[in-house]
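Here is query_14.cif, consisting of mmCIF, C-alpha atoms:
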```
data_input
#
loop_
_atom_site.label_atom_id
_atom_site.label_comp_id
_atom_site.auth_asym_id
_atom_site.auth_seq_id
_atom_site.Cartn_x
_atom_site.Cartn_y
_atom_site.Cartn_z
CA MET W 1 72.67 97.69 60.65
CA PRO W 2 70.42 96.35 61.46
CA SER W 3 70.93 95.00 56.73
CA ALA W 4 67.36 95.14 56.65
CA SER W 5 66.54 91.98 58.40
CA THR W 6 68.61 92.81 61.37
CA GLY W 7 67.51 96.25 62.24
CA ALA W 8 71.04 97.02 61.63
CA PRO W 9 72.71 97.57 58.07
CA THR W 10 76.15 96.19 57.37
CA THR W 11 78.82 97.95 55.38
CA VAL W 12 82.01 97.30 53.53
CA GLY W 13 85.06 98.81 55.11
CA ALA W 14 87.29 99.24 52.09
CA LEU W 15 88.68 102.58 51.05
CA SER W 16 89.56 101.20 47.66
CA SER W 17 88.45 98.10 45.81
CA PRO W 18 90.82 95.19 46.19
CA SER W 19 92.25 93.69 43.06
CA PRO W 20 90.30 90.66 41.82
CA GLU W 21 91.54 87.37 43.21
CA PRO W 22 91.32 84.00 41.45
CA THR W 23 88.04 82.35 42.41
CA SER W 24 89.96 79.15 43.20
CA SER W 25 91.40 80.87 46.28
CA ARG W 26 87.99 81.85 47.58
CA LEU W 27 85.45 80.03 49.70
CA ALA W 28 82.15 78.60 48.51
CA PRO W 29 79.72 75.86 49.58
CA GLY W 30 81.57 72.56 49.44
CA VAL W 31 84.98 74.21 49.76
CA PRO W 32 86.83 73.43 53.02
CA GLY W 33 86.45 76.29 55.46
CA TYR W 34 83.21 77.74 54.06
CA ARG W 35 80.98 76.36 56.81
CA ARG W 36 83.46 77.40 59.49
CA MET W 37 83.60 80.90 58.05
CA SER W 38 79.81 81.17 57.83
CA PHE W 39 79.25 79.99 61.39
CA ALA W 40 82.06 82.21 62.70
CA LEU W 41 80.48 85.33 61.23
CA PHE W 42 77.06 84.19 62.39
CA THR W 43 78.36 84.09 65.97
CA ALA W 44 79.96 87.53 65.50
CA GLY W 45 76.59 88.88 64.41
CA VAL W 46 74.84 87.33 67.40
CA ALA W 47 77.34 88.81 69.84
CA THR W 48 77.33 92.25 68.20
CA PHE W 49 73.62 92.90 68.34
CA ALA W 50 72.98 91.09 71.61
CA LEU W 51 75.51 93.44 73.24
CA LEU W 52 74.46 96.57 71.36
CA TYR W 53 70.81 96.45 72.47
CA SER W 54 71.27 94.55 75.74
CA THR W 55 69.70 97.26 77.92
CA GLN W 56 66.71 98.07 75.71
CA ALA W 57 64.33 95.52 77.22
CA LEU W 58 65.58 96.41 80.72
CA LEU W 59 64.92 100.14 80.75
CA PRO W 60 61.96 100.03 83.19
CA ALA W 61 64.07 98.02 85.65
CA VAL W 62 67.04 100.38 85.23
CA SER W 63 64.75 103.36 85.85
CA ASP W 64 63.36 101.80 89.03
CA ASP W 65 66.76 100.80 90.40
CA PHE W 66 68.52 104.10 89.77
CA GLY W 67 65.45 106.28 90.28
CA VAL W 68 65.77 107.97 86.89
CA THR W 69 63.26 108.89 84.20
CA ALA W 70 62.66 106.96 80.99
CA SER W 71 64.55 109.60 79.01
CA ALA W 72 67.59 109.29 81.29
CA ALA W 73 67.56 105.48 81.14
CA SER W 74 67.20 105.55 77.34
CA TRP W 75 70.75 106.93 77.10
CA THR W 76 72.02 103.44 77.94
CA VAL W 77 70.83 102.48 74.44
CA SER W 78 71.36 105.78 72.64
CA ALA W 79 74.95 106.16 73.83
CA ALA W 80 75.88 102.75 72.40
CA THR W 81 74.21 103.25 69.01
CA GLY W 82 75.45 106.84 68.76
CA ALA W 83 79.06 105.83 69.45
CA LEU W 84 78.78 103.06 66.87
CA ALA W 85 77.48 105.56 64.32
CA LEU W 86 80.42 107.89 64.91
CA CYS W 87 83.06 105.14 64.76
CA VAL W 88 81.97 103.08 61.75
CA LEU W 89 83.72 105.25 59.17
CA PRO W 90 87.13 105.61 60.91
CA LEU W 91 87.19 101.91 61.81
CA SER W 92 86.42 101.00 58.22
CA ALA W 93 89.64 102.85 57.31
CA LEU W 94 91.61 100.99 59.99
CA SER W 95 90.42 97.64 58.61
CA GLU W 96 92.11 98.56 55.32
CA ARG W 97 95.44 98.95 57.05
CA PHE W 98 95.42 96.30 59.77
CA GLY W 99 93.12 93.64 58.34
CA ARG W 100 89.51 92.58 58.68
CA VAL W 101 90.12 89.58 60.96
CA ARG W 102 92.32 91.52 63.37
CA LEU W 103 89.89 94.42 63.66
CA MET W 104 86.87 92.14 64.14
CA THR W 105 88.71 90.14 66.79
CA VAL W 106 89.84 93.22 68.73
CA SER W 107 86.37 94.75 68.47
CA LEU W 108 84.62 91.65 69.79
CA VAL W 109 87.10 91.11 72.62
CA VAL W 110 86.93 94.73 73.82
CA ALA W 111 83.12 94.87 73.54
CA THR W 112 82.77 91.56 75.40
CA VAL W 113 85.10 92.64 78.23
CA LEU W 114 83.07 95.82 78.57
CA GLY W 115 79.93 93.70 78.53
CA LEU W 116 81.20 91.83 81.57
CA LEU W 117 81.89 95.14 83.34
CA VAL W 118 78.55 96.78 82.52
CA PRO W 119 76.54 94.85 85.20
CA PHE W 120 78.77 96.36 87.90
CA ALA W 121 78.13 99.99 86.94
CA PRO W 122 77.63 101.83 90.25
CA GLY W 123 75.37 104.51 88.81
CA PRO W 124 73.58 105.65 85.65
CA GLU W 125 76.49 107.85 84.52
CA TRP W 126 78.90 104.90 84.64
CA LEU W 127 76.39 102.70 82.86
CA VAL W 128 75.99 105.19 80.01
CA ALA W 129 79.77 105.68 79.72
CA LEU W 130 80.45 101.93 79.56
CA ARG W 131 77.69 101.48 76.98
CA ALA W 132 79.15 104.27 74.82
CA ALA W 133 82.56 102.60 74.90
CA GLN W 134 80.92 99.30 74.03
CA GLY W 135 79.15 100.81 71.01
CA ALA W 136 82.41 102.34 69.77
CA ALA W 137 84.13 98.94 70.01
CA LEU W 138 81.30 97.16 68.22
CA ALA W 139 81.63 99.51 65.23
CA GLY W 140 84.58 97.43 64.07
CA ILE W 141 82.35 94.44 63.24
CA PRO W 142 80.13 95.89 60.49
CA ALA W 143 83.11 97.93 59.30
CA SER W 144 85.03 94.74 58.51
CA ALA W 145 82.70 91.77 58.11
CA MET W 146 81.32 92.65 54.68
CA ALA W 147 84.76 93.50 53.33
CA TYR W 148 86.07 90.15 54.60
CA LEU W 149 83.22 88.32 52.86
CA ALA W 150 83.72 90.24 49.61
CA GLU W 151 87.41 89.27 49.59
CA GLU W 152 87.19 85.68 50.77
CA VAL W 153 83.97 84.30 49.23
CA ARG W 154 83.30 83.52 45.59
CA PRO W 155 80.87 86.00 44.00
CA LYS W 156 78.14 83.43 43.39
CA ALA W 157 78.18 82.38 47.04
CA LEU W 158 78.43 85.90 48.46
CA VAL W 159 74.71 86.58 48.88
CA ALA W 160 74.20 83.38 50.88
CA ALA W 161 77.22 84.12 53.08
CA ILE W 162 76.02 87.67 53.74
CA GLY W 163 72.56 86.33 54.49
CA LEU W 164 73.89 84.12 57.27
CA PHE W 165 75.82 87.01 58.81
CA VAL W 166 72.68 89.13 58.64
CA ALA W 167 70.71 86.30 60.26
CA GLY W 168 73.22 86.37 63.12
CA ASN W 169 72.55 90.09 63.54
CA SER W 170 68.82 89.49 63.69
CA ILE W 171 69.03 86.51 66.06
CA GLY W 172 71.44 88.42 68.31
CA GLY W 173 69.24 91.49 68.49
CA MET W 174 66.17 89.42 69.25
CA SER W 175 67.67 86.80 71.58
CA GLY W 176 69.59 89.38 73.60
CA ARG W 177 66.37 91.18 74.43
CA ILE W 178 64.47 87.99 75.21
CA VAL W 179 67.24 86.58 77.42
CA THR W 180 67.58 89.82 79.36
CA GLY W 181 63.83 90.04 79.87
CA TRP W 182 63.47 86.60 81.45
CA VAL W 183 66.70 86.68 83.45
CA ALA W 184 65.80 90.13 84.79
CA GLN W 185 62.41 88.84 85.92
CA LEU W 186 64.13 86.10 87.96
CA TRP W 187 67.34 87.75 89.19
CA GLY W 188 67.33 91.43 88.22
CA TRP W 189 68.68 93.55 85.39
CA ARG W 190 72.34 93.26 86.42
CA ALA W 191 72.18 89.47 86.18
CA ALA W 192 70.49 89.87 82.80
CA LEU W 193 73.36 91.98 81.46
CA ALA W 194 75.84 89.49 82.87
CA ALA W 195 74.04 86.71 80.97
CA VAL W 196 74.43 88.63 77.71
CA GLY W 197 78.10 89.20 78.51
CA LEU W 198 78.64 85.46 79.02
CA MET W 199 76.80 84.72 75.79
CA ALA W 200 79.15 87.14 74.03
CA VAL W 201 82.17 85.34 75.53
CA VAL W 202 81.02 82.05 74.00
CA CYS W 203 80.38 83.72 70.65
CA THR W 204 83.75 85.49 70.66
CA VAL W 205 85.66 82.30 71.40
CA ALA W 206 83.75 80.43 68.69
CA PHE W 207 84.38 83.24 66.21
CA ARG W 208 88.13 83.27 66.80
CA LEU W 209 88.50 79.49 66.70
CA LEU W 210 86.36 79.00 63.59
CA LEU W 211 87.14 81.95 61.31
CA PRO W 212 89.57 80.92 58.55
CA LYS W 213 92.66 83.03 58.03
CA ALA W 214 92.23 85.75 55.40
CA ARG W 215 93.92 84.67 52.18
CA ASN W 216 93.05 87.54 49.87
CA PHE W 217 93.53 90.62 52.03
CA THR W 218 96.16 93.10 50.89
CA PRO W 219 97.04 95.82 53.42
CA GLY W 220 96.54 99.34 52.18
CA SER W 221 97.78 102.68 53.40
CA LEU W 222 95.70 105.08 55.42
CA ASN W 223 94.88 108.08 53.26
CA PRO W 224 92.74 110.55 55.21
CA SER W 225 92.63 113.08 52.36
CA ALA W 226 91.30 110.49 49.91
CA LEU W 227 88.71 109.36 52.46
CA ALA W 228 87.65 112.97 53.05
CA ARG W 229 87.24 113.58 49.31
CA THR W 230 85.09 110.47 48.92
CA VAL W 231 82.92 111.38 51.89
CA ARG W 232 82.47 114.96 50.63
CA GLY W 233 81.42 113.61 47.27
CA HIS W 234 78.75 111.40 48.80
CA LEU W 235 77.48 114.16 51.07
CA SER W 236 77.07 116.44 48.05
CA ASP W 237 74.98 113.86 46.17
CA PRO W 238 71.29 114.85 46.59
CA LEU W 239 69.92 111.33 46.10
CA LEU W 240 72.32 109.77 48.60
CA MET W 241 71.48 112.46 51.13
CA ARG W 242 67.78 111.71 50.70
CA LEU W 243 68.44 108.01 51.25
CA TYR W 244 70.46 108.77 54.38
CA GLY W 245 67.62 110.92 55.65
CA ILE W 246 65.04 108.21 54.96
CA GLY W 247 67.11 105.59 56.78
CA ALA W 248 67.62 107.89 59.77
CA LEU W 249 63.92 108.79 60.00
CA PHE W 250 62.69 105.20 59.72
CA MET W 251 65.13 104.24 62.48
CA THR W 252 63.93 107.18 64.58
CA VAL W 253 60.46 105.62 64.58
CA PHE W 254 61.78 102.16 65.32
CA GLY W 255 64.18 103.31 68.03
CA ALA W 256 61.49 105.38 69.75
CA VAL W 257 58.91 102.60 69.74
CA TYR W 258 61.15 99.79 70.96
CA THR W 259 62.88 101.93 73.56
CA VAL W 260 59.60 102.94 75.18
CA ILE W 261 57.38 99.90 74.57
CA GLY W 262 58.66 98.23 77.76
CA TYR W 263 57.39 101.13 79.86
CA ARG W 264 53.99 100.94 78.17
CA LEU W 265 53.59 97.22 78.69
CA VAL W 266 54.74 97.04 82.32
CA GLY W 267 52.45 99.93 83.25
CA ALA W 268 48.65 100.20 83.37
CA PRO W 269 46.47 98.86 81.90
CA PHE W 270 48.66 95.89 80.89
CA GLY W 271 51.00 95.27 83.85
CA LEU W 272 53.02 92.58 82.05
CA PRO W 273 56.01 90.95 83.81
CA GLN W 274 59.55 91.68 82.56
CA GLY W 275 60.00 88.27 80.93
CA VAL W 276 56.85 88.63 78.84
CA VAL W 277 57.89 92.14 77.79
CA GLY W 278 61.23 90.78 76.61
CA SER W 279 59.44 88.12 74.58
CA VAL W 280 57.61 90.85 72.66
CA PHE W 281 60.83 91.25 70.68
CA LEU W 282 59.95 88.03 68.87
CA VAL W 283 58.08 90.46 66.64
CA TYR W 284 61.51 91.07 65.07
CA LEU W 285 60.95 87.90 63.05
CA VAL W 286 58.33 89.83 61.09
CA GLY W 287 61.14 92.09 59.92
CA THR W 288 63.00 89.14 58.43
CA VAL W 289 59.98 88.39 56.25
CA SER W 290 59.24 92.00 55.24
CA SER W 291 62.85 92.81 54.40
CA ALA W 292 63.10 89.68 52.24
CA ALA W 293 59.93 90.77 50.43
CA ALA W 294 61.26 94.28 49.80
CA GLY W 295 62.95 93.27 46.54
CA ARG W 296 59.68 91.93 45.16
CA LEU W 297 57.86 95.07 46.28
CA VAL W 298 60.33 97.28 44.43
CA GLY W 299 59.90 95.11 41.32
CA ARG W 300 56.12 95.60 41.40
CA LEU W 301 55.74 99.13 42.78
CA GLY W 302 59.09 100.80 42.11
CA ARG W 303 61.33 102.23 44.79
CA ARG W 304 59.05 105.13 45.68
CA GLY W 305 55.94 102.95 45.64
CA ALA W 306 57.59 100.50 48.03
CA LEU W 307 58.57 103.37 50.33
CA TYR W 308 55.00 104.69 50.37
CA LEU W 309 53.72 101.21 51.24
CA ALA W 310 56.27 100.97 54.04
CA VAL W 311 55.21 104.39 55.32
CA GLY W 312 51.53 103.44 55.21
CA THR W 313 52.15 100.20 57.09
CA THR W 314 54.23 101.96 59.75
CA THR W 315 51.63 104.70 60.17
CA ALA W 316 48.81 102.18 60.56
CA GLY W 317 50.83 100.37 63.22
CA LEU W 318 51.53 103.57 65.16
CA LEU W 319 47.85 104.54 65.20
CA LEU W 320 46.69 101.04 66.11
CA SER W 321 49.11 100.90 69.05
CA LEU W 322 47.25 103.79 70.71
CA ALA W 323 44.40 101.46 71.71
CA ASP W 324 44.32 100.17 75.30
CA SER W 325 44.11 96.61 74.03
CA LEU W 326 47.07 94.24 74.22
CA THR W 327 46.01 92.58 70.96
CA ALA W 328 45.87 95.95 69.20
CA VAL W 329 49.25 97.01 70.61
CA LEU W 330 50.92 93.78 69.51
CA LEU W 331 49.36 93.99 66.05
CA GLY W 332 50.54 97.60 65.88
CA LEU W 333 54.08 96.47 66.70
CA VAL W 334 53.87 93.87 63.93
CA LEU W 335 52.88 96.54 61.40
CA ILE W 336 55.49 99.03 62.63
CA THR W 337 58.21 96.37 62.43
CA ALA W 338 57.15 95.19 58.97
CA GLY W 339 56.97 98.74 57.63
CA PHE W 340 60.30 99.75 59.14
CA PHE W 341 62.25 96.79 57.82
CA ALA W 342 60.71 97.10 54.35
CA GLY W 343 61.52 100.82 54.17
CA HIS W 344 65.02 100.28 55.53
CA ALA W 345 65.63 97.51 52.99
CA VAL W 346 64.60 99.77 50.10
CA ALA W 347 66.72 102.70 51.28
CA SER W 348 69.84 100.73 52.21
CA SER W 349 69.87 98.67 49.00
CA SER W 350 69.47 101.86 46.96
CA VAL W 351 72.64 103.35 48.45
CA SER W 352 75.01 100.86 46.83
CA ARG W 353 73.14 101.12 43.54
CA THR W 354 73.30 104.92 43.60
CA ALA W 355 76.99 105.26 44.53
CA THR W 356 79.14 104.60 41.47
CA THR W 357 82.41 105.06 43.38
CA GLY W 358 83.35 104.67 47.02
CA ARG W 359 80.51 102.28 47.76
CA ALA W 360 82.16 101.32 51.03
CA GLN W 361 82.03 104.86 52.32
CA ALA W 362 78.51 105.38 50.94
CA SER W 363 77.33 102.37 52.94
CA ALA W 364 79.26 103.49 56.01
CA LEU W 365 77.60 106.91 55.87
CA TYR W 366 74.19 105.27 55.57
CA GLN W 367 74.95 103.15 58.61
CA SER W 368 76.07 106.23 60.53
CA ALA W 369 72.82 108.00 59.67
CA TYR W 370 70.86 104.87 60.57
CA TYR W 371 72.37 104.54 64.04
CA LEU W 372 72.19 108.27 64.68
CA GLY W 373 68.47 107.90 63.94
CA SER W 374 68.35 105.06 66.46
CA SER W 375 70.01 107.25 69.10
CA ALA W 376 67.72 110.19 68.36
CA GLY W 377 64.64 107.98 68.35
CA GLY W 378 65.51 106.32 71.63
CA THR W 379 66.20 109.58 73.44
CA LEU W 380 63.42 111.68 71.91
CA GLY W 381 60.92 108.83 72.17
CA ALA W 382 61.63 108.55 75.89
CA VAL W 383 61.33 112.32 76.35
CA ALA W 384 58.03 112.28 74.47
CA PHE W 385 56.80 109.39 76.62
CA HIS W 386 57.79 111.21 79.79
CA SER W 387 55.91 114.33 78.63
CA GLY W 388 52.84 112.88 76.93
CA GLY W 389 52.74 109.14 77.53
CA TRP W 390 52.56 106.64 74.70
CA ALA W 391 50.60 109.16 72.60
CA GLY W 392 53.63 111.47 72.73
CA THR W 393 55.90 108.71 71.41
CA VAL W 394 53.41 107.90 68.65
CA LEU W 395 53.28 111.60 67.69
CA LEU W 396 57.07 111.63 67.36
CA GLY W 397 56.88 108.54 65.15
CA LEU W 398 54.23 110.12 62.94
CA LEU W 399 56.35 113.25 62.51
CA ALA W 400 59.31 111.09 61.45
CA VAL W 401 57.10 109.20 59.00
CA LEU W 402 55.91 112.55 57.61
CA GLY W 403 59.56 113.41 57.06
CA VAL W 404 60.02 110.23 55.01
CA VAL W 405 56.98 111.13 52.90
CA SER W 406 58.26 114.67 52.37
CA ILE W 407 61.70 113.45 51.26
CA THR W 408 60.16 110.88 48.91
CA LEU W 409 57.78 113.43 47.39
CA TYR W 410 60.64 115.86 46.88
CA GLY W 411 62.63 113.09 45.21
CA SER W 412 59.72 112.44 42.82
CA TYR W 413 59.49 116.16 42.03
CA ALA W 414 63.24 116.40 41.44
CA ALA W 415 63.17 113.35 39.15
CA ARG W 416 60.34 114.82 37.06
CA ALA W 417 62.21 118.12 36.85
CA ARG W 418 65.31 116.34 35.54
CA GLU W 419 63.22 114.49 32.96
CA ARG W 420 61.61 117.73 31.73
CA ARG W 421 64.89 119.63 31.49
CA PRO W 422 66.25 117.89 28.34
CA VAL W 423 62.85 118.24 26.67
CA LEU W 424 62.70 121.95 27.41
CA SER W 425 66.32 122.39 26.27
CA ALA W 426 65.59 120.60 23.01
CA ALA W 427 62.46 122.69 22.50
CA GLY W 428 64.50 125.84 23.03
CA VAL W 429 67.04 124.76 20.43
CA ARG W 430 64.30 123.98 17.88
CA HIS W 431 62.60 127.28 18.60
#
```

Would you mind writing the file out in structure tokens?
Amino acid sequence: MPSASTGAPTTVGALSSPSPEPTSSRLAPGVPGYRRMSFALFTAGVATFALLYSTQALLPAVSDDFGVTASAASWTVSAATGALALCVLPLSALSERFGRVRLMTVSLVVATVLGLLVPFAPGPEWLVALRAAQGAALAGIPASAMAYLAEEVRPKALVAAIGLFVAGNSIGGMSGRIVTGWVAQLWGWRAALAAVGLMAVVCTVAFRLLLPKARNFTPGSLNPSALARTVRGHLSDPLLMRLYGIGALFMTVFGAVYTVIGYRLVGAPFGLPQGVVGSVFLVYLVGTVSSAAAGRLVGRLGRRGALYLAVGTTTAGLLLSLADSLTAVLLGLVLITAGFFAGHAVASSSVSRTATTGRAQASALYQSAYYLGSSAGGTLGAVAFHSGGWAGTVLLGLLAVLGVVSITLYGSYAARARERRPVLSAAGVRH
């Protein structure tokens, strides 16, 4: 979702690895269709994350209009991310049978149509229901996009192609929030959601017109029992479960902070207008830098060292944001964002390296955990804010960070125990 630089990891949807195709049939820079494919998936990424988080910057306005609390309004975000989390795995299986392009097209069209209906929700219950349906539809994009790229792009060009799709995710998540903030300030939150819906229409049309036809996809059969066996295997792997937990907890912090930050900034002592609050999401650009640096951090500090650095940065940001100074709050957001994206990058990249089989399902499970963390963070962060103000949200974030530290420390202990076991066994044999 969210890959690291998006706030949202992407995942391959295959149930089984496709047979290798001749590289001559695949796309690469300089090959006709490569630029069209790259821009098509970029637009899909923009539409996906603009729609998914379209209400996040608008929560104070939604609360005022419907007369509901922050925790109730937060469900307009949590319902969408939670539905996406639940639907990623089954939709990844459907992409194996019906094709990546077809599933991505249907997902975008349905999500965009729902996006045009969302502004007309007559009440909070309808708004939450429409957002949940929208999140379920959007699950088809990350479930298919990476598989499409793996099948249609030459291996040496794959990283660059994925990077552009990830950039679309990041730009969509950021621009959707900024657009809604400024439009809401001028014409209200319903007009803001309509603007995102229209932006998604343009992106969907561009995606369908530009995306080259899949040349290397081979339909497979749906095999629920095989999928269940693979999923059970991943859920019984201790290291994968720790990585899923780390991803979920990091996203709990991030979801809580960015769901509630609008309420903090529009209230005393800041009193910022809605447009300026939406522009705060430019801080997302920090995540692009920190996620790109995660590989270098792992090379210097190791995976656990990089996680501890990410935890320390996130913690410092949470504590700094407690100050009643706009400069301190913004700097705190920068540190929280940098720490989150770095930690998410380390955890998500470790999943594919850890899983020796069924990497598609391993990544899908990580994404499910990640978006469940987003849902939990958004809802619990709003509840904490309603009960204890911004300090309550910060306390929730610190508890989640403590969970990451505990999991990482346990992982270190388990690794040392495994290293000692052969030595002790050998000593026993000699004795």

- Query: So what does the PyMOL selection byres ((chain W and resi 406-410) around 12) actually pick up in this one, as an MDAnalysis selection string?
  - Reply: chainID W and resid 238:250 303:311 343 347 399:405 411:417

- Expressed in Å to a single decimal, how great is the separation between atom CA of W:Val109 and atom CA of W:Ala206? 11.9 Å

- Item | Which residue of W:Ser92, W:Thr393, W:Ser74, W:Thr314 approaches W:Gln367 most closely, using all atoms listed in the file | W:Ser92

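Close contacts of stretch 268-278 of chain W, defined as residues with an atom at most 6 Å away when counting only C-alpha atoms, with chain neighbours fewer than 4 positions off set aside, comprise Ala57, Arg177, Ile178, Gly181, Trp182 and Gln185 of chain W.
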
Dump as a short mmCIF file (atom, residue, chain, number, x, y, z; two decimals), in the coordinates of the input, selection limited to C-alpha atoms:
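The result, stored in result.cif:
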```cif
data_model
loop_
_atom_site.label_atom_id
_atom_site.label_comp_id
_atom_site.auth_asym_id
_atom_site.auth_seq_id
_atom_site.Cartn_x
_atom_site.Cartn_y
_atom_site.Cartn_z
CA ALA W 57 64.33 95.52 77.22
CA ARG W 177 66.37 91.18 74.43
CA ILE W 178 64.47 87.99 75.21
CA GLY W 181 63.83 90.04 79.87
CA TRP W 182 63.47 86.60 81.45
CA GLN W 185 62.41 88.84 85.92
#
```

- atom CA of W:Arg208 to atom CA of W:Leu282, distance in Å rounded to a single decimal: 28.7 Å

- Message: For a test of reading the model, state the distance in Å between atom CA of W:Gly173 and atom CA of W:Ser363, rounded to one decimal.
- Response: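 Computed distance, atom CA of W:Gly173 to atom CA of W:Ser363, equals 20.6 Å.
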